[in-house]
Structures are given as structure tokens and as C-alpha cells.
Amino acid sequence: MERFATRTRDHFKGNQINIEIKTGLEGLTPARIATLYRRAPLQRPVEDHAALWRMFEQSSLVITAWVQGRLVGLARVLSDGVLNSYICDFAVEPDVQGLGIGRMLLEQVREQYKGTQIYLYDAKTTSRFYARMGFSNLKEGLWKWS
Ligand SMILES: CC(C)(COP(=O)(O)OP(=O)(O)OC[C@H]1O[C@@H](n2cnc3c(N)ncnc32)[C@H](O)[C@@H]1OP(=O)(O)O)[C@@H](O)C(=O)NCCC(=O)NCCS
């Protein structure tokens, strides 16, 4: 599945970039995932490659974005396929943020899990992004067992 960015960043000199969106683990390695999480940045067990890989293998869905063979974005989902889906570990490489890649990844999730309630836990810095994507902030009723 190929998409083109509708906007470009200065360092792409106005050229449109070709973004490939894939589902599944194809092309992924723990090292590639760790590099993306370090750069995004996203606090995840990037030193423990076995744990990192287990997180991906045991996900219901993994969606990735690629530019010229480079992993530039990913999201994974835990879902029962009927009622509830939870998006986690969603990140886009800083040099291609703002080009619509995050939106493409989320649209794929919505397409695959339409009919289910889709949740996520946001970082404080991304609240406005999720509001723009059409998520509502529940605040109440969400509990964490610590
Ligand atoms: C959050 C993140 C995934 C967004 O991905 P992205 O590819 O940059 O987002 P997009 O380019 O698809 O943006 C889609 C829309 O949201 C807007 N947007 C993007 N980031 C935003 C922000 N921080 N605040 C408000 N709006 C934002 C864009 O302007 C765009 O709007 P438009 O299409 O209506 O013009 C990315 O910034 C990221 O990886 N951040 C660091 C890691 C992180 O915080 N992950 C989330 C953990 S909960």
C-alpha cells in the first residue's frame, strides 16, 4: 500500500515523499524499533530486544510506515476484535513528523477495527494531536492497577 505525503518538510526540498504503509512484522527488527523509539522519543524497553520483540509479536495488529526502506512510523494495537481496541506505542520519526504519517497509521487502525471502541493513553504533549484526529478525552472512569 503506497501513499504520498501531501506536505513536505524543508529538508526534502519540496519533493513529495513516497510513504509505504504495511501491516504485520515484515521488515521489522528489534533494533529498528528501538532506533525509532529513541528518536521519537518514546520511553520503552529499548535495551531489552527480546522484550521489545515480544510486545510486537503478541500484538493484535502492527502497522508500519516506510520511506525508501527506512522505518519512519509505527503503531501497534491490542484488540479483542469485537468490543475493545487499544492503540499503543505510536511514533513517527522526527524528521518526517507533520507530513500526515501519523494520520495514515491511525486511519488504518480505524479501518481494521471499525465497530470496536478504540482507546489510547496519550502523552501530555500529544493531547492536541489526538483531539485533532477526533478522539475524545475520557478522563473519568479510566483506572490503572498499580
Ligand atoms: C504524535 C505523532 C505520532 C504524530 O504523528 P505525525 O505524523 O507528526 O502527525 P500528522 O502529520 O499525521 O498530523 C496529523 C494532524 O495533526 C496535527 N498535529 C500533529 N502533531 C500535533 C501536535 N503535537 N499538536 C497538535 N496538532 C498536531 C497536524 O498538524 C495534522 O493536522 P492536519 O492534517 O489537520 O493539518 C508524532 O508527533 C510523534 O511520533 N511524536 C512523538 C512520540 C509520541 O509522542 N507518540 C505518542 C505517544 S501517546
# chains A, B, ... in the order shown; residues from 1 in each chain; ligands from 1
call {"tool": "residues_near_ligand", "arguments": {"ligand": "ligand 1", "cutoff": "8 Å", "atoms": "only C-alpha atoms and all ligand atoms", "output": "PyMOL selection string"}}
result
chain A and resi 37+40-42+73+88-94+96-105+120-133
call {"tool": "residues_around", "arguments": {"residues": "Gln58 of chain A", "least_positions_apart": "4", "cutoff": "12 Å", "atoms": "only C-alpha atoms", "output": "PyMOL selection string"}}
result
chain A and resi 24-25+51-54+62+76-79
call {"tool": "atom_distance", "arguments": {"atom1": "atom CA of Thr29 of chain A", "atom2": "atom CA of Ile63 of chain A"}}
result
13.6 Å
call {"tool": "closest_residue", "arguments": {"among": "A:Ser146, A:Arg3, A:Gly81, A:Glu107", "to": "Gly134 of chain A", "atoms": "only C-alpha atoms"}}
result
A:Glu107
call {"tool": "residues_around", "arguments": {"residues": "Val46 of chain A", "least_positions_apart": "3", "cutoff": "9 Å", "atoms": "only C-alpha atoms", "output": "ChimeraX atom specification"}}
result
/A:30-31,33-35,37-38,43,49,51-52
call {"tool": "write_last_selection", "arguments": {"atoms": "N, CA and C atoms", "output": "PDB file, in the first residue's frame"}}
result
ATOM      1  N   PRO A  30      13.985  -5.752  16.193  1.00  0.00           N
ATOM      2  CA  PRO A  30      14.024  -5.020  17.459  1.00  0.00           C
ATOM      3  C   PRO A  30      14.928  -3.784  17.361  1.00  0.00           C
ATOM      4  N   ALA A  31      16.027  -3.899  16.627  1.00  0.00           N
ATOM      5  CA  ALA A  31      16.954  -2.757  16.519  1.00  0.00           C
ATOM      6  C   ALA A  31      16.280  -1.580  15.811  1.00  0.00           C
ATOM      7  N   ILE A  33      13.047  -0.963  15.652  1.00  0.00           N
ATOM      8  CA  ILE A  33      12.009  -0.424  16.542  1.00  0.00           C
ATOM      9  C   ILE A  33      12.667   0.452  17.611  1.00  0.00           C
ATOM     10  N   ALA A  34      13.774  -0.052  18.181  1.00  0.00           N
ATOM     11  CA  ALA A  34      14.461   0.687  19.253  1.00  0.00           C
ATOM     12  C   ALA A  34      14.969   2.033  18.736  1.00  0.00           C
ATOM     13  N   THR A  35      15.505   2.049  17.523  1.00  0.00           N
ATOM     14  CA  THR A  35      16.014   3.307  16.950  1.00  0.00           C
ATOM     15  C   THR A  35      14.886   4.326  16.826  1.00  0.00           C
ATOM     16  N   TYR A  37      12.059   4.438  18.534  1.00  0.00           N
ATOM     17  CA  TYR A  37      11.599   4.866  19.861  1.00  0.00           C
ATOM     18  C   TYR A  37      12.594   5.809  20.518  1.00  0.00           C
ATOM     19  N   ARG A  38      13.888   5.589  20.279  1.00  0.00           N
ATOM     20  CA  ARG A  38      14.878   6.514  20.855  1.00  0.00           C
ATOM     21  C   ARG A  38      14.737   7.893  20.234  1.00  0.00           C
ATOM     22  N   GLN A  43       9.502   6.384  25.678  1.00  0.00           N
ATOM     23  CA  GLN A  43      10.153   5.578  26.725  1.00  0.00           C
ATOM     24  C   GLN A  43       9.653   4.142  26.659  1.00  0.00           C
ATOM     25  N   HIS A  49      15.940  -6.240  23.765  1.00  0.00           N
ATOM     26  CA  HIS A  49      15.371  -6.540  22.448  1.00  0.00           C
ATOM     27  C   HIS A  49      14.381  -7.703  22.476  1.00  0.00           C
ATOM     28  N   ALA A  51      12.327  -8.478  24.940  1.00  0.00           N
ATOM     29  CA  ALA A  51      11.058  -7.959  25.466  1.00  0.00           C
ATOM     30  C   ALA A  51      10.354  -7.099  24.419  1.00  0.00           C
ATOM     31  N   LEU A  52      11.150  -6.277  23.750  1.00  0.00           N
ATOM     32  CA  LEU A  52      10.587  -5.386  22.720  1.00  0.00           C
ATOM     33  C   LEU A  52       9.909  -6.214  21.620  1.00  0.00           C
TER      34      LEU A  52
END
call {"tool": "closest_residue", "arguments": {"among": "A:Ile17, A:Leu61, A:Leu36, A:Leu142", "to": "Ala75 of chain A", "atoms": "only C-alpha atoms"}}
result
A:Leu61
